[in-house]
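Novice: Contents are PDB, C-alpha atoms and all ligand atoms; file name target_23.pdb:
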ATOM      1  CA  MET K1313      24.099  65.192 -86.748  1.00  0.00           C
ATOM      2  CA  THR K1314      22.131  62.193 -87.950  1.00  0.00           C
ATOM      3  CA  LYS K1315      19.621  64.603 -89.519  1.00  0.00           C
ATOM      4  CA  MET K1316      22.258  65.894 -91.919  1.00  0.00           C
ATOM      5  CA  THR K1317      21.330  65.842 -95.581  1.00  0.00           C
ATOM      6  CA  LYS K1318      23.258  63.567 -97.894  1.00  0.00           C
ATOM      7  CA  LYS K1319      24.866  66.580 -99.506  1.00  0.00           C
ATOM      8  CA  ALA K1320      26.032  67.891 -96.147  1.00  0.00           C
ATOM      9  CA  ARG K1321      27.330  64.446 -95.226  1.00  0.00           C
ATOM     10  CA  ILE K1322      29.356  64.218 -98.406  1.00  0.00           C
ATOM     11  CA  GLU K1323      30.837  67.664 -97.802  1.00  0.00           C
ATOM     12  CA  ARG K1324      31.740  66.764 -94.237  1.00  0.00           C
ATOM     13  CA  ALA K1325      33.292  63.468 -95.328  1.00  0.00           C
ATOM     14  CA  ARG K1326      35.437  65.338 -97.860  1.00  0.00           C
ATOM     15  CA  GLU K1327      36.644  67.746 -95.193  1.00  0.00           C
ATOM     16  CA  ILE K1328      37.622  64.903 -92.892  1.00  0.00           C
ATOM     17  CA  ILE K1329      39.547  63.117 -95.634  1.00  0.00           C
ATOM     18  CA  ASP K1330      41.212  66.323 -96.803  1.00  0.00           C
ATOM     19  CA  ARG K1331      42.638  67.062 -93.379  1.00  0.00           C
ATOM     20  CA  ASN K1332      44.209  63.594 -93.181  1.00  0.00           C
ATOM     21  CA  ASP K1333      47.468  62.571 -94.800  1.00  0.00           C
ATOM     22  CA  TYR K1334      47.926  59.513 -96.964  1.00  0.00           C
ATOM     23  CA  GLY K1335      48.944  56.430 -95.009  1.00  0.00           C
ATOM     24  CA  ILE K1336      48.274  57.890 -91.561  1.00  0.00           C
ATOM     25  CA  PRO K1337      45.227  56.355 -89.843  1.00  0.00           C
ATOM     26  CA  PHE K1338      42.449  58.761 -88.804  1.00  0.00           C
ATOM     27  CA  ASN K1339      42.635  59.739 -85.151  1.00  0.00           C
ATOM     28  CA  ASP K1340      39.757  58.769 -82.850  1.00  0.00           C
ATOM     29  CA  ASP K1341      37.860  62.024 -83.346  1.00  0.00           C
ATOM     30  CA  ASP K1342      38.032  61.868 -87.125  1.00  0.00           C
ATOM     31  CA  LEU K1343      37.147  58.191 -87.082  1.00  0.00           C
ATOM     32  CA  ALA K1344      34.101  58.859 -84.926  1.00  0.00           C
ATOM     33  CA  GLU K1345      32.976  61.762 -87.088  1.00  0.00           C
ATOM     34  CA  PHE K1346      33.588  59.855 -90.306  1.00  0.00           C
ATOM     35  CA  SER K1347      31.481  56.997 -88.903  1.00  0.00           C
ATOM     36  CA  ILE K1348      28.654  59.389 -88.128  1.00  0.00           C
ATOM     37  CA  VAL K1349      28.579  61.146 -91.478  1.00  0.00           C
ATOM     38  CA  THR K1350      28.813  57.897 -93.440  1.00  0.00           C
ATOM     39  CA  GLY K1351      26.338  56.147 -91.150  1.00  0.00           C
ATOM     40  CA  CYS K1352      28.659  53.177 -90.847  1.00  0.00           C
ATOM     41  CA  GLU K1353      30.528  52.098 -87.748  1.00  0.00           C
ATOM     42  CA  LEU K1354      34.178  52.137 -88.715  1.00  0.00           C
ATOM     43  CA  ARG K1355      36.960  50.656 -86.610  1.00  0.00           C
ATOM     44  CA  TYR K1356      39.740  52.103 -88.743  1.00  0.00           C
ATOM     45  CA  ALA K1357      40.067  54.494 -91.640  1.00  0.00           C
ATOM     46  CA  CYS K1358      43.054  55.737 -93.585  1.00  0.00           C
ATOM     47  CA  ARG K1359      43.452  57.830 -96.694  1.00  0.00           C
ATOM     48  CA  ALA K1360      45.101  55.796 -99.447  1.00  0.00           C
ATOM     49  CA  ILE K1361      46.030  55.871-103.102  1.00  0.00           C
ATOM     50  CA  ASP K1362      43.120  54.660-105.192  1.00  0.00           C
ATOM     51  CA  PRO K1363      44.422  51.639-107.132  1.00  0.00           C
ATOM     52  CA  HIS K1364      41.721  52.076-109.784  1.00  0.00           C
ATOM     53  CA  TYR K1365      41.323  55.825-110.208  1.00  0.00           C
ATOM     54  CA  ALA K1366      44.548  57.759-109.901  1.00  0.00           C
ATOM     55  CA  THR K1367      42.642  61.042-109.963  1.00  0.00           C
ATOM     56  CA  ASN K1368      40.540  60.151-106.919  1.00  0.00           C
ATOM     57  CA  ASP K1369      42.348  61.865-104.068  1.00  0.00           C
ATOM     58  CA  ARG K1370      39.720  60.981-101.492  1.00  0.00           C
ATOM     59  CA  HIS K1371      40.082  57.212-101.467  1.00  0.00           C
ATOM     60  CA  VAL K1372      40.035  55.547 -98.059  1.00  0.00           C
ATOM     61  CA  VAL K1373      40.624  52.057 -96.739  1.00  0.00           C
ATOM     62  CA  VAL K1374      38.572  51.110 -93.697  1.00  0.00           C
ATOM     63  CA  LEU K1375      37.628  48.366 -91.301  1.00  0.00           C
ATOM     64  CA  ALA K1376      33.859  48.115 -91.529  1.00  0.00           C
ATOM     65  CA  TYR K1377      31.231  45.434 -90.972  1.00  0.00           C
ATOM     66  CA  ASP K1378      32.977  42.145 -90.197  1.00  0.00           C
ATOM     67  CA  TRP K1379      36.124  42.904 -92.191  1.00  0.00           C
ATOM     68  CA  VAL K1380      39.364  41.595 -90.782  1.00  0.00           C
ATOM     69  CA  GLU K1381      41.677  43.513 -93.115  1.00  0.00           C
ATOM     70  CA  PRO K1382      41.217  47.152 -94.134  1.00  0.00           C
ATOM     71  CA  GLN K1383      39.723  47.398 -97.595  1.00  0.00           C
ATOM     72  CA  GLY K1384      38.989  50.134-100.073  1.00  0.00           C
ATOM     73  CA  TRP K1385      35.528  51.477 -99.326  1.00  0.00           C
ATOM     74  CA  SER K1386      33.162  53.787-101.135  1.00  0.00           C
ATOM     75  CA  TRP K1387      32.114  56.290 -98.510  1.00  0.00           C
ATOM     76  CA  ARG K1388      30.135  58.129-101.202  1.00  0.00           C
ATOM     77  CA  LYS K1389      28.080  55.029-101.885  1.00  0.00           C
ATOM     78  CA  ALA K1390      27.584  54.464 -98.165  1.00  0.00           C
ATOM     79  CA  ILE K1391      26.138  57.941 -97.854  1.00  0.00           C
ATOM     80  CA  GLN K1392      24.122  57.689-101.061  1.00  0.00           C
ATOM     81  CA  ILE K1393      22.333  54.446-100.375  1.00  0.00           C
ATOM     82  CA  GLY K1394      22.175  54.741 -96.610  1.00  0.00           C
ATOM     83  CA  GLN K1395      23.168  52.286 -93.952  1.00  0.00           C
ATOM     84  CA  GLU K1396      19.877  50.436 -93.822  1.00  0.00           C
ATOM     85  CA  ASP K1397      20.264  49.354 -97.418  1.00  0.00           C
ATOM     86  CA  ILE K1398      23.812  48.237 -96.792  1.00  0.00           C
ATOM     87  CA  ALA K1399      22.621  46.044 -93.928  1.00  0.00           C
ATOM     88  CA  GLN K1400      20.055  44.478 -96.247  1.00  0.00           C
ATOM     89  CA  HIS K1401      22.690  44.029 -98.884  1.00  0.00           C
ATOM     90  CA  ILE K1402      24.912  42.165 -96.434  1.00  0.00           C
ATOM     91  CA  ARG K1403      21.973  40.090 -95.293  1.00  0.00           C
ATOM     92  CA  ALA K1404      21.223  39.097 -98.881  1.00  0.00           C
ATOM     93  CA  ARG K1405      24.820  38.046 -99.277  1.00  0.00           C
ATOM     94  CA  TYR K1406      24.737  35.963 -96.096  1.00  0.00           C
ATOM     95  CA  ASN K1407      21.559  34.388 -97.343  1.00  0.00           C
ATOM     96  CA  GLN K1408      23.194  33.310-100.569  1.00  0.00           C
ATOM     97  CA  VAL K1409      26.215  31.901 -98.703  1.00  0.00           C
ATOM     98  CA  MET K1410      24.060  30.014 -96.207  1.00  0.00           C
ATOM     99  CA  ARG K1411      21.744  28.575 -98.838  1.00  0.00           C
ATOM    100  CA  ASP K1412      24.639  27.419-100.985  1.00  0.00           C
ATOM    101  CA  ALA K1413      26.252  25.748 -97.979  1.00  0.00           C
ATOM    102  CA  ILE K1414      23.218  23.554 -97.296  1.00  0.00           C
ATOM    103  CA  ARG K1415      22.401  22.755-100.915  1.00  0.00           C
ATOM    104  CA  GLU K1416      24.098  19.386-100.599  1.00  0.00           C
ATOM    105  CA  GLN K1417      21.907  18.486 -97.592  1.00  0.00           C
ATOM    106  CA  MET K1418      18.808  19.314 -99.591  1.00  0.00           C
ATOM    107  CA  ILE K1419      19.971  17.126-102.456  1.00  0.00           C
ATOM    108  CA  GLU K1420      20.800  14.266-100.105  1.00  0.00           C
ATOM    109  CA  PHE K1421      17.375  14.570 -98.525  1.00  0.00           C
ATOM    110  CA  SER K1422      15.637  14.433-101.892  1.00  0.00           C
ATOM    111  CA  LYS K1423      17.464  11.205-102.766  1.00  0.00           C
ATOM    112  CA  THR K1424      15.997   9.265 -99.859  1.00  0.00           C
ATOM    113  CA  ALA K1425      12.641  11.046 -99.477  1.00  0.00           C
ATOM    114  CA  GLU K1426       9.437   9.702-100.916  1.00  0.00           C
ATOM    115  CA  LYS K1427       9.022  11.050-104.457  1.00  0.00           C
ATOM    116  CA  ALA K1428       5.637  12.643-103.955  1.00  0.00           C
ATOM    117  CA  CYS K1429       4.255  15.953-102.748  1.00  0.00           C
ATOM    118  CA  GLU K1430       3.291  15.766 -99.084  1.00  0.00           C
ATOM    119  CA  LYS K1431       0.227  17.945 -99.705  1.00  0.00           C
ATOM    120  CA  CYS K1432      -1.278  16.829-103.004  1.00  0.00           C
ATOM    121  CA  ALA K1433       0.671  13.616-103.679  1.00  0.00           C
ATOM    122  CA  THR K1434       1.671  14.609-107.184  1.00  0.00           C
ATOM    123  CA  THR K1435       4.972  13.207-108.378  1.00  0.00           C
ATOM    124  CA  GLU K1436       5.682  16.078-110.765  1.00  0.00           C
ATOM    125  CA  LEU K1437       7.929  19.110-110.237  1.00  0.00           C
ATOM    126  CA  LEU K1438       8.965  18.251-106.724  1.00  0.00           C
ATOM    127  CA  THR K1439      11.068  20.534-104.572  1.00  0.00           C
ATOM    128  CA  VAL K1440      12.700  20.134-101.188  1.00  0.00           C
ATOM    129  CA  ASP K1441      10.985  22.408 -98.728  1.00  0.00           C
ATOM    130  CA  HIS K1442      11.897  23.725 -95.308  1.00  0.00           C
ATOM    131  CA  ALA K1443       8.799  22.296 -93.616  1.00  0.00           C
ATOM    132  CA  TRP K1444       9.709  23.958 -90.336  1.00  0.00           C
ATOM    133  CA  PRO K1445      11.130  26.358 -89.377  1.00  0.00           C
ATOM    134  CA  PRO K1446      11.361  28.441 -92.539  1.00  0.00           C
ATOM    135  CA  PHE K1447      14.882  28.847 -93.851  1.00  0.00           C
ATOM    136  CA  SER K1448      14.871  32.567 -93.083  1.00  0.00           C
ATOM    137  CA  SER K1449      14.116  31.907 -89.390  1.00  0.00           C
ATOM    138  CA  LEU K1450      16.868  29.333 -89.138  1.00  0.00           C
ATOM    139  CA  ALA K1451      19.317  31.700 -90.789  1.00  0.00           C
ATOM    140  CA  SER K1452      18.311  34.576 -88.484  1.00  0.00           C
ATOM    141  CA  GLU K1453      18.621  32.431 -85.374  1.00  0.00           C
ATOM    142  CA  TYR K1454      22.028  31.255 -86.448  1.00  0.00           C
ATOM    143  CA  LEU K1455      23.220  34.771 -87.223  1.00  0.00           C
ATOM    144  CA  SER K1456      22.047  36.061 -83.877  1.00  0.00           C
ATOM    145  CA  GLU K1457      24.106  33.299 -82.270  1.00  0.00           C
ATOM    146  CA  VAL K1458      27.335  33.766 -84.190  1.00  0.00           C
ATOM    147  CA  GLY K1459      27.100  37.433 -85.174  1.00  0.00           C
ATOM    148  CA  ALA K1460      28.768  38.297 -88.458  1.00  0.00           C
ATOM    149  CA  LEU K1461      29.903  35.701 -90.972  1.00  0.00           C
ATOM    150  CA  GLN K1462      33.320  35.652 -92.529  1.00  0.00           C
ATOM    151  CA  ILE K1463      32.673  35.370 -96.216  1.00  0.00           C
ATOM    152  CA  GLU K1464      34.620  36.055 -99.362  1.00  0.00           C
ATOM    153  CA  GLU K1465      33.853  36.328-103.026  1.00  0.00           C
ATOM    154  CA  HIS K1466      34.776  33.529-105.385  1.00  0.00           C
ATOM    155  CA  GLU K1467      35.120  34.357-109.028  1.00  0.00           C
ATOM    156  CA  GLY K1468      32.009  33.282-110.874  1.00  0.00           C
ATOM    157  CA  SER K1469      30.363  31.450-107.992  1.00  0.00           C
ATOM    158  CA  GLY K1470      29.342  34.216-105.615  1.00  0.00           C
ATOM    159  CA  PHE K1471      30.273  34.407-101.944  1.00  0.00           C
ATOM    160  CA  LYS K1472      31.326  31.524 -99.737  1.00  0.00           C
ATOM    161  CA  PHE K1473      32.337  31.048 -96.128  1.00  0.00           C
ATOM    162  CA  SER K1474      35.963  32.114 -95.730  1.00  0.00           C
ATOM    163  CA  ASN K1475      36.824  28.946 -93.854  1.00  0.00           C
ATOM    164  CA  LYS K1476      35.590  25.390 -93.761  1.00  0.00           C
ATOM    165  CA  GLU K1477      35.050  25.239 -89.980  1.00  0.00           C
ATOM    166  CA  ASP K1478      32.549  28.098 -90.115  1.00  0.00           C
ATOM    167  CA  GLU K1479      30.787  26.485 -93.026  1.00  0.00           C
ATOM    168  CA  ARG K1480      30.651  23.135 -91.217  1.00  0.00           C
ATOM    169  CA  ARG K1481      29.289  24.787 -88.084  1.00  0.00           C
ATOM    170  CA  TRP K1482      26.373  26.262 -90.023  1.00  0.00           C
ATOM    171  CA  GLN K1483      25.808  22.993 -91.893  1.00  0.00           C
ATOM    172  CA  ASP K1484      25.652  21.073 -88.610  1.00  0.00           C
ATOM    173  CA  TYR K1485      23.277  23.636 -87.122  1.00  0.00           C
ATOM    174  CA  HIS K1486      21.039  23.351 -90.146  1.00  0.00           C
ATOM    175  CA  MET K1487      21.240  19.555 -90.224  1.00  0.00           C
ATOM    176  CA  VAL K1488      20.031  19.302 -86.624  1.00  0.00           C
ATOM    177  CA  ARG K1489      17.236  21.872 -86.767  1.00  0.00           C
ATOM    178  CA  ALA K1490      15.802  21.953 -90.247  1.00  0.00           C
ATOM    179  CA  LYS K1491      12.840  19.689 -90.883  1.00  0.00           C
ATOM    180  CA  LEU K1492      12.728  19.130 -94.591  1.00  0.00           C
ATOM    181  CA  GLY K1493       9.841  17.936 -96.646  1.00  0.00           C
ATOM    182  CA  ILE K1494       8.873  17.330-100.262  1.00  0.00           C
ATOM    183  CA  LEU K1495       6.381  19.643-101.907  1.00  0.00           C
ATOM    184  CA  CYS K1496       5.517  20.178-105.525  1.00  0.00           C
ATOM    185  CA  ARG K1497       6.210  23.642-106.865  1.00  0.00           C
ATOM    186  CA  SER K1498       2.575  24.560-106.832  1.00  0.00           C
ATOM    187  CA  CYS K1499       2.004  23.619-103.163  1.00  0.00           C
ATOM    188  CA  ASN K1500       5.300  25.214-102.224  1.00  0.00           C
ATOM    189  CA  SER K1501       4.346  28.544-103.757  1.00  0.00           C
ATOM    190  CA  LYS K1502       0.865  28.382-102.195  1.00  0.00           C
ATOM    191  CA  LYS K1503       2.555  28.003 -98.852  1.00  0.00           C
ATOM    192  CA  GLY K1504       3.554  31.620 -99.279  1.00  0.00           C
ATOM    193  CA  ALA K1505       7.204  30.839 -98.808  1.00  0.00           C
ATOM    194  CA  ARG K1506       9.899  31.133-101.388  1.00  0.00           C
ATOM    195  CA  PRO K1507      11.038  27.905-103.047  1.00  0.00           C
ATOM    196  CA  ALA K1508      13.387  26.135-100.695  1.00  0.00           C
ATOM    197  CA  VAL K1509      16.555  26.227-102.752  1.00  0.00           C
TER     198      VAL K1509
HETATM  199 ZN    ZN K1601       1.610  19.502-104.190  1.00  0.00          ZN
END
Transcribe the structure of this file into structure tokens.
Ligand SMILES: [Zn+2]
Specialist:
Amino acid sequence: MTKMTKKARIERAREIIDRNDYGIPFNDDDLAEFSIVTGCELRYACRAIDPHYATNDRHVVVLAYDWVEPQGWSWRKAIQIGQEDIAQHIRARYNQVMRDAIREQMIEFSKTAEKACEKCATTELLTVDHAWPPFSSLASEYLSEVGALQIEEHEGSGFKFSNKEDERRWQDYHMVRAKLGILCRSCNSKKGARPAV
């Protein structure tokens, strides 16, 4: 089943949707099969009217990823780009949310830190650096502890934590574990890591 071509997956997905009525959740068998052909673990799926394209008669709302409420979902896109890419996409989103949430800590650190690069002592083009561990390791550790993040999109400013307690929990985690330092841009890029924030 997992060896199915994308074309075959799309055909199968259509069949599943077509045999379901609007507003009636997929039964367990259809849900399981729909999960397999789309490559995404779904906890709920239901055929629904597409609010954007009235002519689309294969619109579904699903519970996927860490969603709490069923949302409209492009099963075609899921099949087209493949689940691995979706996981990376979500990870990139988490990354943005987590970096934004600790931006203030980085700024606070830079206010009190010595205004010179720790490597070459220049006082030009200084950046706050995650001396150890790298930001990506901290983020991964945190995610493996808490699992999925609840995030939501804010108009014009990207994604944010859905609630303040979750954001605070990550900020506290970061505050305790991150060792920050001051590097100039040149030393920071030579370090082979991405600029801190
Ligand atoms: Zn330097």
Novice: Using only C-alpha atoms, which residue out of K:Asp1369, K:Glu1430, K:Glu1416, K:Glu1353 lies closest to Ala1390 (chain K)?
Specialist: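 Among the listed residues, K:Glu1353 lies closest to Ala1390 (chain K).
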Novice: Would you name the residues within 12 Å of ligand ZN 1601 (chain K), counting all atoms listed in the file, and put them as JSON, numbers by chain?
Specialist: {"K": [1427, 1428, 1429, 1430, 1431, 1432, 1433, 1434, 1435, 1436, 1437, 1438, 1439, 1440, 1441, 1493, 1494, 1495, 1496, 1497, 1498, 1499, 1500, 1501, 1502, 1503]}
Novice: Just so the selection is clear, what residues does the PyMOL selection byres (((chain K and resi 1465-1471) around 12) and not hetatm) cover here, as JSON, numbers by chain?
Specialist: {"K": [1402, 1404, 1405, 1406, 1407, 1408, 1409, 1410, 1411, 1412, 1413, 1461, 1462, 1463, 1464, 1472, 1473, 1474, 1475, 1479]}
Novice: When you draw a straight line from CA of Arg1480 (chain K) to CA of Glu1381 (chain K), how long is it in Å?
Specialist: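 Taking CA of Arg1480 (chain K) as the start and CA of Glu1381 (chain K) as the end point, the length is 23.2 Å.
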Novice: Could you list as a ChimeraX atom specification every residue that has an atom within 12 Å of (29.7, 63.1, -92.9), using the file's coordinates and counting only C-alpha atoms?
Specialist: /K:1313-1329,1342-1352,1387-1388,1390-1392,1394
Novice: As an exercise, work out the distance from CA of Pro1382 (chain K) to CA of Asp1330 (chain K) in Å and give it to one decimal place.
Specialist: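 Between CA of Pro1382 (chain K) and CA of Asp1330 (chain K) the gap is 19.4 Å.
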Novice: Can you tell me which residues surround region 1448-1458 of chain K at a distance of at most 10 Å, considering only C-alpha atoms, apart from same-chain residues fewer than 2 positions away, and format the answer as a PyMOL selection string?
Specialist: chain K and resi 1403+1406-1407+1410-1411+1442+1444-1446+1460-1461+1478+1481-1482+1485-1486+1489-1490+1505-1506
Novice: With all atoms listed in the file as the basis for distance, which of K:Ile1398, K:Ile1336, K:Ala1443, K:Ala1425 is at the shortest distance from Ala1376 (chain K)?
Specialist: K:Ile1398
